[in-house]
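Let me begin by presenting the structure, written as structure tokens, before commenting on it.
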Protein chains: 4
Amino acid sequence: MNDRIPIPRDPANDYTAEMAQQRREFVTGRTGTSLQHVGSFTVDPAQVAGNIENYLGVAQVPIGLAGPLRINGEQASGDFYIPLATTEGTLVASYSRGMRLLSESGGVTVTVVKRSMQRAPVFEFASAREARDFGQWLIDHFDAIRAAAAATTRIGKLTDIEQYAVGNLLYTRCNYTTGDAAGQNMTGKATLAACEWIKAQHPLHPSYILSGSIDTDKKHSTINTLRTRGRRVIAEVTIRNETLQRLMRVEAKTLLRSRQISQAGSFMAGSANNGPHAANGIAAMFIATGQDVANVAESHAGITYAQLLENGDYYWSVTLPSLIVASYGGGTGLGTQRECLEMLGCYGAGKADRLAEIVAAVVLAGDVSLGSAVLAGDWVSSHDKLGRNRP
Amino acid sequence: MNDRIPIPRDPANDYTAEMAQQRREFVTGRTGTSLQHVGSFTVDPAQVAGNIENYLGVAQVPIGLAGPLRINGEQASGDFYIPLATTEGTLVASYSRGMRLLSESGGVTVTVVKRSMQRAPVFEFASAREARDFGQWLIDHFDAIRAAAAATTRIGKLTDIEQYAVGNLLYTRCNYTTGDAAGQNMTGKATLAACEWIKAQHPLHPSYILSGSIDTDKKHSTINTLRTRGRRVIAEVTIRNETLQRLMRVEAKTLLRSRQISQAGSFMAGSANNGPHAANGIAAMFIATGQDVANVAESHAGITYAQLLENGDYYWSVTLPSLIVASYGGGTGLGTQRECLEMLGCYGAGKADRLAEIVAAVVLAGDVSLGSAVLAGDWVSSHDKLGRNRP
Amino acid sequence: MNDRIPIPRDPANDYTAEMAQQRREFVTGRTGTSLQHVGSFTVDPAQVAGNIENYLGVAQVPIGLAGPLRINGEQASGDFYIPLATTEGTLVASYSRGMRLLSESGGVTVTVVKRSMQRAPVFEFASAREARDFGQWLIDHFDAIRAAAAATTRIGKLTDIEQYAVGNLLYTRCNYTTGDAAGQNMTGKATLAACEWIKAQHPLHPSYILSGSIDTDKKHSTINTLRTRGRRVIAEVTIRNETLQRLMRVEAKTLLRSRQISQAGSFMAGSANNGPHAANGIAAMFIATGQDVANVAESHAGITYAQLLENGDYYWSVTLPSLIVASYGGGTGLGTQRECLEMLGCYGAGKADRLAEIVAAVVLAGDVSLGSAVLAGDWVSSHDKLGRNRP
Amino acid sequence: MNDRIPIPRDPANDYTAEMAQQRREFVTGRTGTSLQHVGSFTVDPAQVAGNIENYLGVAQVPIGLAGPLRINGEQASGDFYIPLATTEGTLVASYSRGMRLLSESGGVTVTVVKRSMQRAPVFEFASAREARDFGQWLIDHFDAIRAAAAATTRIGKLTDIEQYAVGNLLYTRCNYTTGDAAGQNMTGKATLAACEWIKAQHPLHPSYILSGSIDTDKKHSTINTLRTRGRRVIAEVTIRNETLQRLMRVEAKTLLRSRQISQAGSFMAGSANNGPHAANGIAAMFIATGQDVANVAESHAGITYAQLLENGDYYWSVTLPSLIVASYGGGTGLGTQRECLEMLGCYGAGKADRLAEIVAAVVLAGDVSLGSAVLAGDWVSSHDKLGRNRP
């Protein structure tokens with residue numbers, strides 16, 4: 001029995017319902033598992049070319065609807081209904097609760113403060129001194145390097161090259177704006193072109209590796225938190241103490257008090273995020289809207305910063321320093337994904353900032369809700385009521 | 001016009017096709033977006049109660065089939081075909097390539113070395129001295145505390161309570177084994193019971209917060225990397241230099257050489273993982289198999305450790321210190337998710353270790369593939385060939 | 001001309017004034033530098049055998065006197081005058097200012113909550129599975145391992161062995177109490193004996209390296225902050241708002257407000273300490289009292305945790321998780337060092353806890369002073385008045 | 001009995017032998033401790049004004065002589081004898097051993113690749129959007145800001161202002177070159193002037209705190225490792241395998257093998273330095289040469305990067321990303337400190353780079369020695385032979 005996954009003789013027939021079915025039958029034949037649900041999809045397989053190889057079918061992930069959430073962004077402004085794809089009971093309910101609080105507080109103000117996607121080649125030299133001098137050469141030839149990168153893409157723009165010297169190596173971060181695409185591939189290709197130009201032009205013709213690991217692609221890192229990867233987005237709200245008491249049964253000063261404890265704990269633990277659970281909202285929106293879900297790794301990093309105001313109200317902000325979103329490319333154009341983007345007004349060109357704003361606003365809603373629930377004692381009981389696990 | 005998301009008068013009617021449709025129409029009415037694809041699902045809405053609130057429909061995420069991957073686990077043993085749900089072109093192809101290499105190398109050996117899910121309450125006292133003495137009291141009363149926790153669950157077992165003193169606080173990590181469930185809710189409930197018992201029994205009746213943030217739920221953290229969250233799983237392989245050259249066009253000594261560069265870069269960057277891209281395989285398997293996808297945040301942490309052997313072969317291991325998986329509860333029982341678990345032999349009771357083994361093996365396959373591609377120069381060209389972004 | 005540093009023919013003559021002089025003349029001959037001050041010391045060179053090799057003379061580091069500082073420790077109780085050895089103008093004045101505030105607030109309460117010095121051997125195996133099973137063997141044979149370690153020292157006590165699995169390795173932290181010595185050498189020797197016993201007794205006779213780097217000797221690390229290295233000491237005070245205003249010209253609520261900013265900044269920066277400047281007081285006391293000054297690396301880590309109380313007063317604590325001090329061994333018995341220990345009542349057996357308490361209290365005094373000065377605007381002006389740098 | 005430390009009626013009499021004696025008598029009166037050694041110093045107390053307050057006397061720290069160490073720096077070139085002030089037996093011997101190895105290998109090549117000392121003010125706004133726009137204003141007005149800073153110092157030069165947005169705050173790092181001074185006070189004063197100018201000129205007159213904690217003064221941090229604090233210095237050597245075997249009884253390939261283990265361990269532990277013990281050499285040189293010893297906190301961070309060469313030799317580098325040294329100001333002009341600087345040719349103007357090179361070379365020597373000793377099994381035995389602790 002052949003153990004190779006079926007592929008068509010003619011590649012042109014790869015993305016067809018027949019091939020997908022043939023693969024499901026292959027699986028069934030070997031494992032006895034029927035893939036009836038996996039085989040139920042509404043998108044023409046031809047459409048997923050470029051998104052998947054060895055197409056088998058689909059995962060159906062339940063979507064819940066949350067909102068309305070009032071957002072005061074520069075791109076997203078108004079009341080939004082949010083599709084959250086998850087299998088975790090309570091999540092949609094909890095985010096909805098937070099959205100109500102934020103909306104009653106006048107909405108959440110969101111700002112994209114930086115855009116920076118990168119590929120991080122590292123260059124090798126005979127000595128640190130050569131590497132240092134090469135660093136100066138990079139600065140001197142930046143315009144030409146940018147031009148070499150630009151030849152591969154009309155969207156990505158090389159903005160700057162950060163340098164980090166270690167031993168006889170020069171690690172760099174080549175930072176780009178990438179329009180409405182997430183940009184990992186675009187920056188990879190542009191940086192390859194830049195590196196090849198550098199290698200050809202620099203007298204030492206330095207060897208390089210296209211990633212020296214400090215782009216920390218698909219990984220959380222402190223460097224991303226500091227220097228940004230994707231978009232740096234900040235969601236803010238000022239909540240009246242009265243509203244907190246009424247909707248969350250918690251006082252502003254209690255929130256601040258518990259904030260000290262969370263901050264000390266997060267700091268000690270070396271946590272990627274000193275707030276409650278950004279990853280929940282991000283993962284749920286990423287699945288729904290066709291984002292690269294592996295980027296939850298980078299995107300879930302966050303810095304909560306809050307203050308108790310003189311009048312007793314509470315200023316709550318969350319900064320997402322490496323939120324990676326796209327409104328174009330990747331999975332954004334597929335059936336359900338496109339619909340979810342469209343219901344947010346985030347499909348296609350010129351919409352990535354808008355999407356980033358909405359995601360950050362959603363994160364704040366979820367953090368406000370869970371952060372309050374932990375204090376008000378609703379946390380376990382609500383999971384008991386809504387969740388699936390009944391051990 | 002009412003801006004509230006439709007809910008049924010009778011909660012018993014909430015999880016019905018009608019309510020889902022009503023919500024989709026609500027969205028269409030407000031946004032003009034048709035949700036035809038979102039509304040195409042094959043699971044009875046009644047089944048998603050416990051997984052979602054305000055059910056709207058589904059996200060259809062394409063699944064590609066990778067493999068066969070030979071795994072030498074304690075639970076998973078043999079050749080496996082892996083469902084990967086993603087919208088990122090090249091991912092399935094790249095993982096398949098790595099699986100071939102690993103399989104030709106005799107397969108990947110996988111070991112679950114630790115199981116530990118936690119809730120991390122923090123207790124407040126008048127002074128550090130009181131907190132310290134309370135710590136001793138916790139040790140002295142561990143059996144009774146375990147019993148209090150056990151009353152809420154027949155699966156979760158409290159194994160130990162770690163203590164971390166800060167100021168007049170005692171942060172704890174209450175560690176459990178949670179069988180085949182991920183266990184966040186189970187441990188939350190059990191720890192609540194334990195805390196209530198403690199509060200009642202301890203002479204000072206200390207106040208507490210159920211999470212002092214050092215469980216770092218939905219967040220990467222160094223404490224998780226060190227102390228484990230979920231399962232600590234290690235995948236290992238020894239690859240013949242000849243096989244590397246033949247399949248990956250790279251030499252073992254080149255891999256080790258580039259490893260030094262990756263390690264220095266990852267260390268400097270404060271990265272959660274010093275390997276290539278664990279998050280890709282994890283996210284794709286998590287979506288396919290009904291895991292809590294937000295746990296990519298914790299699960300993508302990893303430690304790559306490699307050695308060049310005397311005979312020129314290459315030992316490559318990846319340690320996932322906080323891999324959170326379930327074969328039971330959460331989204332595991334839904335249509336496509338259950339099918340994907342079943343094709344791996346991972347559905348239901350007693351299968352979580354097996355699933356953990358498979359995920360770790362997949363991660364190693366992906367890391368081997370990408371780690372080699374970066375060096376062999378295939379990285380950008382393969383994305384160009386297979387990917388969607390053509391800027 | 002011989003370029004070798006002079007050593008005596010008879011090692012018995014090494015620690016003499018003559019040899020030291022001969023070496024100074026050697027330096028003068030080669031560099032033209034007179035070492036008149038370096039050659040002025042009051043301790044018999046015979047006494048520094050065990051502290052130094054190639055003895056040349058001494059560094060004279062100015063000591064300033066700070067205090068009185070009221071301390072409410074378990075060992076240190078009363079008013080203390082603190083010798084601070086530094087060349088940084090303003091430091092003594094600033095610490096004195098903080099000491100006055102703390103003393104007027106009833107003194108600082110200090111508690112040693114944990115003692116743990118370690119050596120961290122790593123063991124190598126053929127596979128992760130072997131390493132895991134070895135971990136269980138370690139647990140099963142703990143008493144015998146402890147006995148093997150105990151044979152080398154009557155002071156060090158092996159308390160537990162932490163395990164951290166990576167690949168086919170088992171990293172351990174062998175934790176000891178080490179009485180009044182810092183204990184790095186004591187634990188090294190004891191752990192060597194333990195490892196040799198293990199290697200002989202375990203069926204696989206595993207090879208090991210005595211340090212797998214997770215003791216992080218002479219290095220700050222998150223693992224030390226979490227798990228303690230040396231002593232974990234907590235200093236606390238509650239300061240009346242009125243006292244803050246009078247002495248520091250700052251309000252409690254302003255302190256808390258700025259605390260939010262410091263915490264967010266420290267968290268983002270990946271800082272070893274989220275308070276102002278623990279290293280200053282620690283280094284100055286370490287030099288004065290004959291501590292191993294390189295341990296400033298580990299000892300300066302800290303977690304500040306504060307709360308604004310209902311009555312407007314301010315609770316301020318600093319937790320030093322890896323403070324390494326000794327009242328015995330090392331440099332503690334030398335002339336000036338012993339005098340400084342004696343003036344604190346910290347010389348000799350049974351005094352290390354007392355010294356740890358005093359150091360932590362001093363750190364809090366310095367943090368309170370600088371933390372207030374930054375807000376009140378005294379920071380730059382006081383350095384201008386007292387410091388040396390006048391650029 | 002008055003508990004106040006004696007101060008003179010006329011401040012002009014503060015820095016006199018009499019006042020110092022009066023304070024020692026005060027201590028003796030209260031504690032019964034004779035301070036005979038502390039009172040033995042050879043520097044006129046008038047000289048320590050600006051270095052210390054409440055001058056009491058000195059700590060005499062033993063200095064050992066190590067070397068010769070061959071250094072191939074841009075400023076330091078030739079064979080050096082190194083004064084190491086420590087009370088830790090074995091340290092000088094171990095460093096000497098490493099120096100011999102490095103010298104026999106042709107010497108250590110050292111390069112200062114970056115100079116950057118900073119003060120990090122944080123600015124507060126009503127919203128993130130205001131903060132972002134302020135960031136652009138900072139860029140637009142950089143020349144004027146630099147001029148405002150320059151008015152306070154003729155040495156410090158503002159090179160750039162890094163921006164890190166969080167909530168409604170803008171954290172900055174104002175980076176300077178500071179000539180031969182460490183520069184913390186210089187940059188503090190210059191940044192204060194810059195901030196006052198900004199506050200006056202910007203339409204919103206933003207309030208600010210002079211340190212938002214991301215300069216991480218006196219603290220290790222990832223941001224310092226990445227962005228540099230003080231000087232970024234790299235020491236490199238290529239060691240012949242034969243020399244390693246002969247002098248260290250270890251093979252190059254064994255070093256590389258153990259490097260994998262150290263790197264995985266350091267990475268997992270969240271260590272500030274993935275090499276052996278930079279803090280030892282740094283602390284010993286800092287005490288000897290009048291540096292601010294508290295800066296061991298920042299300066300001990302390091303990145304070891306090594307490769308096994310094709311010919312079997314070993315390339316070993318250590319990068320110190322935040323080494324803070326001065327050849328001018330602070331304690332550099334005092335008796336013993338100045339002598340130790342002079343014997344290195346590092347006293348006074350234009351010598352700080354040279355001193356940085358020497359320190360980095362010494363660090364590498366110590367790391368090579370200890371790194372080899374751990375493997376060759378000399379570690380514990382040498383401490384036994386040379387050290388003081390005999391428990």
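Within each chain, counting starts at residue 1; across the structure tokens, chains are named A, B, ... in the order shown, with ligands numbered 1 upward in that order.
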Taking only C-alpha atoms into account, which residues of chain B are within 10 Å of chain D, as a ChimeraX atom specification?
/B:222-223,225-226,253,256-261,263-274,302-310,321
For the residues in the current selection, export C-alpha atoms as a PDB file, in the first residue's frame.
ATOM      1  CA  THR B 222       9.866  32.672  31.447  1.00  0.00           C
ATOM      2  CA  ILE B 223       8.216  31.061  34.444  1.00  0.00           C
ATOM      3  CA  THR B 225       9.412  27.905  30.164  1.00  0.00           C
ATOM      4  CA  LEU B 226      11.120  27.002  33.397  1.00  0.00           C
ATOM      5  CA  LYS B 253      28.250  21.235  10.335  1.00  0.00           C
ATOM      6  CA  LEU B 256      25.618  23.737  13.800  1.00  0.00           C
ATOM      7  CA  ARG B 257      27.455  26.776  12.605  1.00  0.00           C
ATOM      8  CA  SER B 258      24.208  28.630  11.951  1.00  0.00           C
ATOM      9  CA  ARG B 259      22.894  27.377  15.281  1.00  0.00           C
ATOM     10  CA  GLN B 260      25.532  29.486  17.062  1.00  0.00           C
ATOM     11  CA  ILE B 261      24.239  32.523  15.236  1.00  0.00           C
ATOM     12  CA  GLN B 263      21.334  31.156  19.587  1.00  0.00           C
ATOM     13  CA  ALA B 264      23.232  34.390  20.067  1.00  0.00           C
ATOM     14  CA  GLY B 265      20.501  36.274  18.240  1.00  0.00           C
ATOM     15  CA  SER B 266      17.638  34.672  20.140  1.00  0.00           C
ATOM     16  CA  PHE B 267      19.398  35.238  23.426  1.00  0.00           C
ATOM     17  CA  MET B 268      20.057  38.887  22.700  1.00  0.00           C
ATOM     18  CA  ALA B 269      16.509  39.442  21.470  1.00  0.00           C
ATOM     19  CA  GLY B 270      14.857  37.936  24.530  1.00  0.00           C
ATOM     20  CA  SER B 271      13.001  35.496  22.337  1.00  0.00           C
ATOM     21  CA  ALA B 272      10.443  32.968  23.552  1.00  0.00           C
ATOM     22  CA  ASN B 273      11.913  30.297  21.301  1.00  0.00           C
ATOM     23  CA  ASN B 274      15.413  29.909  19.918  1.00  0.00           C
ATOM     24  CA  GLY B 302      10.654  26.305  22.847  1.00  0.00           C
ATOM     25  CA  ILE B 303      14.265  25.437  23.394  1.00  0.00           C
ATOM     26  CA  THR B 304      16.229  23.992  20.535  1.00  0.00           C
ATOM     27  CA  TYR B 305      19.273  22.017  21.598  1.00  0.00           C
ATOM     28  CA  ALA B 306      21.517  20.395  19.021  1.00  0.00           C
ATOM     29  CA  GLN B 307      24.903  18.701  18.743  1.00  0.00           C
ATOM     30  CA  LEU B 308      27.157  17.661  15.913  1.00  0.00           C
ATOM     31  CA  LEU B 309      28.077  14.070  16.591  1.00  0.00           C
ATOM     32  CA  GLU B 310      31.527  12.571  16.212  1.00  0.00           C
ATOM     33  CA  PRO B 321       7.957  23.548  27.880  1.00  0.00           C
TER      34      PRO B 321
END
Per DSSP on the backbone, what are the helix (DSSP H, G or I) residues of segment 241-373 of chain A, as JSON, numbers by chain?
{"A": [241, 242, 243, 244, 245, 246, 247, 248, 252, 253, 254, 255, 256, 257, 258, 259, 260, 261, 262, 263, 264, 265, 266, 267, 268, 269, 278, 279, 280, 281, 282, 283, 284, 285, 286, 287, 288, 289, 293, 294, 295, 296, 297, 298, 299, 335, 336, 337, 338, 339, 340, 341, 342, 343, 352, 353, 354, 355, 356, 357, 358, 359, 360, 361, 362, 363, 364, 365, 366, 367, 368, 369, 370, 371, 372, 373]}
Could those residues be written to a file, using C-alpha atoms, as a PDB file, in the first residue's frame?
ATOM      1  CA  ASN A 241     -16.114  54.623  38.714  1.00  0.00           C
ATOM      2  CA  GLU A 242     -19.889  54.522  38.789  1.00  0.00           C
ATOM      3  CA  THR A 243     -19.999  52.524  35.573  1.00  0.00           C
ATOM      4  CA  LEU A 244     -17.449  50.081  36.904  1.00  0.00           C
ATOM      5  CA  GLN A 245     -19.493  49.528  40.020  1.00  0.00           C
ATOM      6  CA  ARG A 246     -22.734  49.148  38.153  1.00  0.00           C
ATOM      7  CA  LEU A 247     -21.597  46.865  35.343  1.00  0.00           C
ATOM      8  CA  MET A 248     -18.608  45.103  36.857  1.00  0.00           C
ATOM      9  CA  ALA A 252     -11.675  51.825  40.289  1.00  0.00           C
ATOM     10  CA  LYS A 253      -9.419  51.894  43.305  1.00  0.00           C
ATOM     11  CA  THR A 254      -9.740  48.137  43.651  1.00  0.00           C
ATOM     12  CA  LEU A 255      -8.671  47.777  40.053  1.00  0.00           C
ATOM     13  CA  LEU A 256      -5.614  49.905  40.698  1.00  0.00           C
ATOM     14  CA  ARG A 257      -4.826  47.998  43.831  1.00  0.00           C
ATOM     15  CA  SER A 258      -4.956  44.679  42.001  1.00  0.00           C
ATOM     16  CA  ARG A 259      -2.948  46.236  39.179  1.00  0.00           C
ATOM     17  CA  GLN A 260       0.034  46.565  41.550  1.00  0.00           C
ATOM     18  CA  ILE A 261      -0.215  42.870  42.244  1.00  0.00           C
ATOM     19  CA  SER A 262      -0.538  41.905  38.597  1.00  0.00           C
ATOM     20  CA  GLN A 263       2.368  44.091  37.637  1.00  0.00           C
ATOM     21  CA  ALA A 264       4.685  42.697  40.289  1.00  0.00           C
ATOM     22  CA  GLY A 265       3.652  39.170  39.333  1.00  0.00           C
ATOM     23  CA  SER A 266       4.035  39.695  35.588  1.00  0.00           C
ATOM     24  CA  PHE A 267       7.390  41.361  36.089  1.00  0.00           C
ATOM     25  CA  MET A 268       8.693  38.550  38.278  1.00  0.00           C
ATOM     26  CA  ALA A 269       7.375  35.888  35.905  1.00  0.00           C
ATOM     27  CA  ALA A 278      -5.065  39.535  24.963  1.00  0.00           C
ATOM     28  CA  ALA A 279      -4.396  36.248  23.181  1.00  0.00           C
ATOM     29  CA  ASN A 280      -8.010  35.200  23.490  1.00  0.00           C
ATOM     30  CA  GLY A 281      -9.463  38.071  21.516  1.00  0.00           C
ATOM     31  CA  ILE A 282      -6.595  38.127  19.077  1.00  0.00           C
ATOM     32  CA  ALA A 283      -6.786  34.420  18.264  1.00  0.00           C
ATOM     33  CA  ALA A 284     -10.547  34.551  17.855  1.00  0.00           C
ATOM     34  CA  MET A 285     -10.392  37.514  15.499  1.00  0.00           C
ATOM     35  CA  PHE A 286      -7.413  36.127  13.615  1.00  0.00           C
ATOM     36  CA  ILE A 287      -9.220  32.876  12.847  1.00  0.00           C
ATOM     37  CA  ALA A 288     -12.391  34.657  11.831  1.00  0.00           C
ATOM     38  CA  THR A 289     -10.690  37.174   9.567  1.00  0.00           C
ATOM     39  CA  VAL A 293      -2.937  32.609  13.329  1.00  0.00           C
ATOM     40  CA  ALA A 294       0.618  31.643  14.216  1.00  0.00           C
ATOM     41  CA  ASN A 295       1.204  35.350  14.690  1.00  0.00           C
ATOM     42  CA  VAL A 296      -0.697  35.110  17.947  1.00  0.00           C
ATOM     43  CA  ALA A 297       2.805  34.340  19.179  1.00  0.00           C
ATOM     44  CA  GLU A 298       4.030  37.839  18.467  1.00  0.00           C
ATOM     45  CA  SER A 299       0.735  39.675  18.618  1.00  0.00           C
ATOM     46  CA  GLY A 335     -15.191  32.768   1.853  1.00  0.00           C
ATOM     47  CA  THR A 336     -15.881  33.113   5.553  1.00  0.00           C
ATOM     48  CA  GLN A 337     -12.762  35.155   6.194  1.00  0.00           C
ATOM     49  CA  ARG A 338     -13.683  37.748   3.653  1.00  0.00           C
ATOM     50  CA  GLU A 339     -17.203  37.963   4.992  1.00  0.00           C
ATOM     51  CA  CYS A 340     -15.918  38.598   8.477  1.00  0.00           C
ATOM     52  CA  LEU A 341     -13.562  41.278   7.213  1.00  0.00           C
ATOM     53  CA  GLU A 342     -16.363  42.856   5.239  1.00  0.00           C
ATOM     54  CA  MET A 343     -18.711  43.033   8.195  1.00  0.00           C
ATOM     55  CA  ALA A 352      -5.182  47.153   7.664  1.00  0.00           C
ATOM     56  CA  ASP A 353      -4.917  50.080  10.057  1.00  0.00           C
ATOM     57  CA  ARG A 354      -8.648  49.902  10.584  1.00  0.00           C
ATOM     58  CA  LEU A 355      -8.434  46.229  11.385  1.00  0.00           C
ATOM     59  CA  ALA A 356      -5.546  46.827  13.784  1.00  0.00           C
ATOM     60  CA  GLU A 357      -7.607  49.434  15.594  1.00  0.00           C
ATOM     61  CA  ILE A 358     -10.538  47.077  15.954  1.00  0.00           C
ATOM     62  CA  VAL A 359      -8.405  44.212  17.237  1.00  0.00           C
ATOM     63  CA  ALA A 360      -6.807  46.443  19.866  1.00  0.00           C
ATOM     64  CA  ALA A 361     -10.197  47.741  20.959  1.00  0.00           C
ATOM     65  CA  VAL A 362     -11.457  44.179  21.304  1.00  0.00           C
ATOM     66  CA  VAL A 363      -8.416  43.256  23.375  1.00  0.00           C
ATOM     67  CA  LEU A 364      -9.109  46.098  25.763  1.00  0.00           C
ATOM     68  CA  ALA A 365     -12.726  44.997  26.088  1.00  0.00           C
ATOM     69  CA  GLY A 366     -11.689  41.499  27.005  1.00  0.00           C
ATOM     70  CA  ASP A 367      -9.083  42.668  29.475  1.00  0.00           C
ATOM     71  CA  VAL A 368     -11.500  44.985  31.221  1.00  0.00           C
ATOM     72  CA  SER A 369     -14.007  42.186  31.508  1.00  0.00           C
ATOM     73  CA  LEU A 370     -11.699  39.480  32.820  1.00  0.00           C
ATOM     74  CA  GLY A 371      -9.701  41.886  34.962  1.00  0.00           C
ATOM     75  CA  SER A 372     -12.905  42.855  36.712  1.00  0.00           C
ATOM     76  CA  ALA A 373     -14.312  39.349  36.912  1.00  0.00           C
TER      77      ALA A 373
END
Pick from A:Glu88, A:Asp292, A:Asp79, A:Asp14, whichever lies nearest to Ala49 of chain B using only C-alpha atoms:
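That would be A:Glu88, the residue with the smallest distance to Ala49 of chain B.
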Rounded to one decimal place, report the atom CA of Lys114 of chain D-atom CA of Arg231 of chain D distance in Å.
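One can read the atom CA of Lys114 of chain D to atom CA of Arg231 of chain D distance as 5.7 Å.
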Here is a test: counting only C-alpha atoms, which residue of B:Ala376, B:Met99, B:Leu65, B:Leu56 is nearest to Gln21 of chain A?
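That would be B:Leu65, the residue with the smallest distance to Gln21 of chain A.
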Quick one: residues within 10 Å of segment 144-148 of chain B, only C-alpha atoms counted, chain neighbours fewer than 5 positions away excluded, as a short mmCIF file (atom, residue, chain, number, x, y, z; two decimals) with N, CA, C and O atoms, in the first residue's frame?
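That gives us part_5.cif:
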data_model
loop_
_atom_site.label_atom_id
_atom_site.label_comp_id
_atom_site.auth_asym_id
_atom_site.auth_seq_id
_atom_site.Cartn_x
_atom_site.Cartn_y
_atom_site.Cartn_z
N LEU B 138 0.98 26.53 54.56
CA LEU B 138 0.53 25.85 53.32
C LEU B 138 1.18 24.49 53.20
O LEU B 138 0.54 23.51 52.82
N ILE B 139 2.47 24.44 53.50
CA ILE B 139 3.18 23.16 53.42
C ILE B 139 2.62 22.18 54.43
O ILE B 139 2.35 21.01 54.13
N THR B 153 -13.43 18.25 41.47
CA THR B 153 -13.07 17.59 40.21
C THR B 153 -12.59 16.17 40.50
O THR B 153 -11.84 15.94 41.45
N LYS B 157 -5.72 16.74 39.76
CA LYS B 157 -5.02 16.36 40.99
C LYS B 157 -4.01 17.46 41.32
O LYS B 157 -3.10 17.73 40.52
N LEU B 158 -4.15 18.04 42.47
CA LEU B 158 -3.18 19.03 42.92
C LEU B 158 -1.88 18.31 43.27
O LEU B 158 -1.85 17.45 44.15
N THR B 159 -0.80 18.67 42.59
CA THR B 159 0.47 17.96 42.84
C THR B 159 1.40 18.71 43.79
O THR B 159 2.10 18.11 44.59
N ASP B 160 1.40 20.03 43.68
CA ASP B 160 2.26 20.82 44.57
C ASP B 160 1.89 22.28 44.47
O ASP B 160 1.20 22.70 43.52
N ILE B 161 2.34 23.04 45.43
CA ILE B 161 2.09 24.49 45.44
C ILE B 161 3.43 25.19 45.52
O ILE B 161 4.13 25.11 46.53
N CYS B 174 -0.43 26.81 42.01
CA CYS B 174 -1.05 25.54 42.40
C CYS B 174 -1.03 24.65 41.16
O CYS B 174 -1.78 24.89 40.21
N TYR B 176 -1.40 21.21 38.94
CA TYR B 176 -2.29 20.05 38.84
C TYR B 176 -1.91 19.19 37.64
O TYR B 176 -1.39 19.70 36.64
N ALA B 190 -10.97 24.30 41.03
CA ALA B 190 -10.38 23.57 42.15
C ALA B 190 -9.60 24.52 43.05
O ALA B 190 -9.64 24.41 44.29
N THR B 191 -8.91 25.47 42.45
CA THR B 191 -8.11 26.39 43.24
C THR B 191 -8.99 27.35 44.01
O THR B 191 -8.68 27.73 45.15
N LEU B 192 -10.10 27.72 43.41
CA LEU B 192 -11.06 28.54 44.15
C LEU B 192 -11.52 27.82 45.42
O LEU B 192 -11.55 28.40 46.52
N ALA B 193 -11.82 26.56 45.26
CA ALA B 193 -12.24 25.77 46.43
C ALA B 193 -11.11 25.68 47.46
O ALA B 193 -11.32 25.82 48.67
N ALA B 194 -9.91 25.47 46.96
CA ALA B 194 -8.76 25.39 47.87
C ALA B 194 -8.58 26.72 48.62
O ALA B 194 -8.35 26.74 49.83
N CYS B 195 -8.70 27.81 47.89
CA CYS B 195 -8.50 29.12 48.50
C CYS B 195 -9.58 29.41 49.54
O CYS B 195 -9.30 30.00 50.60
N GLU B 196 -10.78 29.03 49.22
CA GLU B 196 -11.86 29.27 50.18
C GLU B 196 -11.63 28.44 51.45
O GLU B 196 -11.87 28.91 52.55
N TRP B 197 -11.16 27.25 51.27
CA TRP B 197 -10.84 26.42 52.43
C TRP B 197 -9.72 27.08 53.25
O TRP B 197 -9.79 27.19 54.47
N ILE B 198 -8.70 27.53 52.55
CA ILE B 198 -7.57 28.18 53.23
C ILE B 198 -8.04 29.41 53.98
O ILE B 198 -7.70 29.62 55.15
#
